[in-house]
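Here the structure comes first, spelled out in structure tokens, and everything after it is commentary.
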Amino acid sequence: MTQFQLVTLIAHDFLGVAAVIFSYAVWMQLVKQEPNFHSLRMTTLWAWILTMISWVTGGYYYLTYYGKTIRPLILAGKHPWAHSVMTEAKEHFFLFLPFLTFVLYLIIRTSHSAMMKDVRLKKTVTVLAAVIALLGIAVTLFGVAISGAAHK
Amino acid sequence: MNNPKTTLAALWSATITVLFVTALTITGDKHASVKSWLTTTFRQHWLGKSILAVVVFVMLTLVFSAVIKRTDSKALRSGLIVLITATVFGALVLVGFPLWEFWQK
């Protein structure tokens, strides 16, 4: 693995987890009766930005190293399901997150007044935030399992 | 970006993008020609899906921004319910399908 590949892997992991933390924080803020929409604007924006960077860095690592080196290792090892199921699932439903986080950011930015007037709208937005956070947690846990399976 | 029309347009575009990614993934797995086209055109199938997802999302957001009329909270809530449903459905399919394939082997 080159130094740059290692840096992109670390960036993908670290910033991906940071994105999940921000997404979870958004969910927890929305659950409150009176969310702080000023801080929600920044939190949703950071969740989106960090997801985007995690996408790019993870993609680079996946395209330049994982496919050639780690994938055959896992498939030949004791836990081939880690790639066949977890990587295959993770690499695809991760693609939902950049768009979902962006939409959530836009909703907070343009519709916070409507959310305070319409409780049902606020609850629906909260469900979206929860789905994003839970998807992010699933992606992270799948990543942990995949890393664990990549041993000679 | 402060326009509620843009928000709704992005919301509906995200819904279609989620379903597009799901459908493209399953189709690519069942039909080698689709995966082969993605690999030939974009160097790697996942890279192709990423690029196509962005293209679909951006283009649909532009189109929907021009045609969307209603931007009230009921329209937003309905759109959100569809997006959430599509996301959960897509995630279940994308986990269930490789699991089912692995089990078949």
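The chains in the structure tokens are called A, B, ... from first to last as shown; in each chain the residues are counted from 1, and the ligands are counted from 1 in the order shown.
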Could you give me, as JSON lines, every chain B residue with an atom at most 7 Å from stretch 118-132 of chain A, plus its closest atom pair and distance in Å to one decimal, counting only C-alpha atoms, rows ordered by chain then number?
```
{"residue": "B:Ser73", "atom": "CA", "partner": "A:Leu121", "partner_atom": "CA", "distance": 6.6}
{"residue": "B:Arg77", "atom": "CA", "partner": "A:Leu121", "partner_atom": "CA", "distance": 5.5}
{"residue": "B:Leu80", "atom": "CA", "partner": "A:Thr124", "partner_atom": "CA", "distance": 6.8}
{"residue": "B:Ile84", "atom": "CA", "partner": "A:Leu128", "partner_atom": "CA", "distance": 6.1}
```
What does the file look like for those residues with N, CA, C and O atoms, as a CSV table (one decimal), in the first residue's frame?
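Writing the result to result05.csv gives the following:
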```csv
chain,number,residue,atom,x,y,z
B,73,SER,N,-46.1,22.6,3.0
B,73,SER,CA,-45.5,21.5,3.9
B,73,SER,C,-46.1,20.2,3.6
B,73,SER,O,-45.5,19.1,3.8
B,77,ARG,N,-44.0,16.9,3.0
B,77,ARG,CA,-44.1,15.7,3.8
B,77,ARG,C,-44.4,14.5,2.9
B,77,ARG,O,-43.8,13.4,3.2
B,80,LEU,N,-41.2,13.4,1.3
B,80,LEU,CA,-40.3,12.8,2.3
B,80,LEU,C,-40.7,11.4,2.6
B,80,LEU,O,-39.8,10.5,2.7
B,84,ILE,N,-38.2,8.3,2.1
B,84,ILE,CA,-37.8,7.4,3.2
B,84,ILE,C,-38.2,6.0,2.8
B,84,ILE,O,-37.4,5.1,3.0
```
Legend entry - Counting only C-alpha atoms, chain B residues within 8 Å of chain A, as number ranges by chain: B: 1-4, 7, 10-11, 14, 17-18, 21-22, 25, 44, 46-47, 50, 53, 57, 73-74, 76-77, 80-81, 84, 87-88, 90-91, 94-95, 98-99, 102
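Atom CA of A:Ala145 is found 28.0 Å from atom CA of A:Thr43.
Here atom CA of A:Tyr24 and atom CA of A:Leu134 stand 8.1 Å from one another.
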Inset, instruction - Would you please work out which residue, of A:Val17, A:Met52, A:Val31, A:Val7, is nearest to A:Val144 when using only C-alpha atoms? - result: A:Val17
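Candidate residues A:Thr51, A:Thr57, A:Gln29, A:Thr64 were compared for distance to A:Gly16, and the nearest is A:Thr51, using only C-alpha atoms.
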Legend entry - Length of the atom CA of B:Ser33 to atom CA of B:Ile51 vector [Å]: 18.4 Å
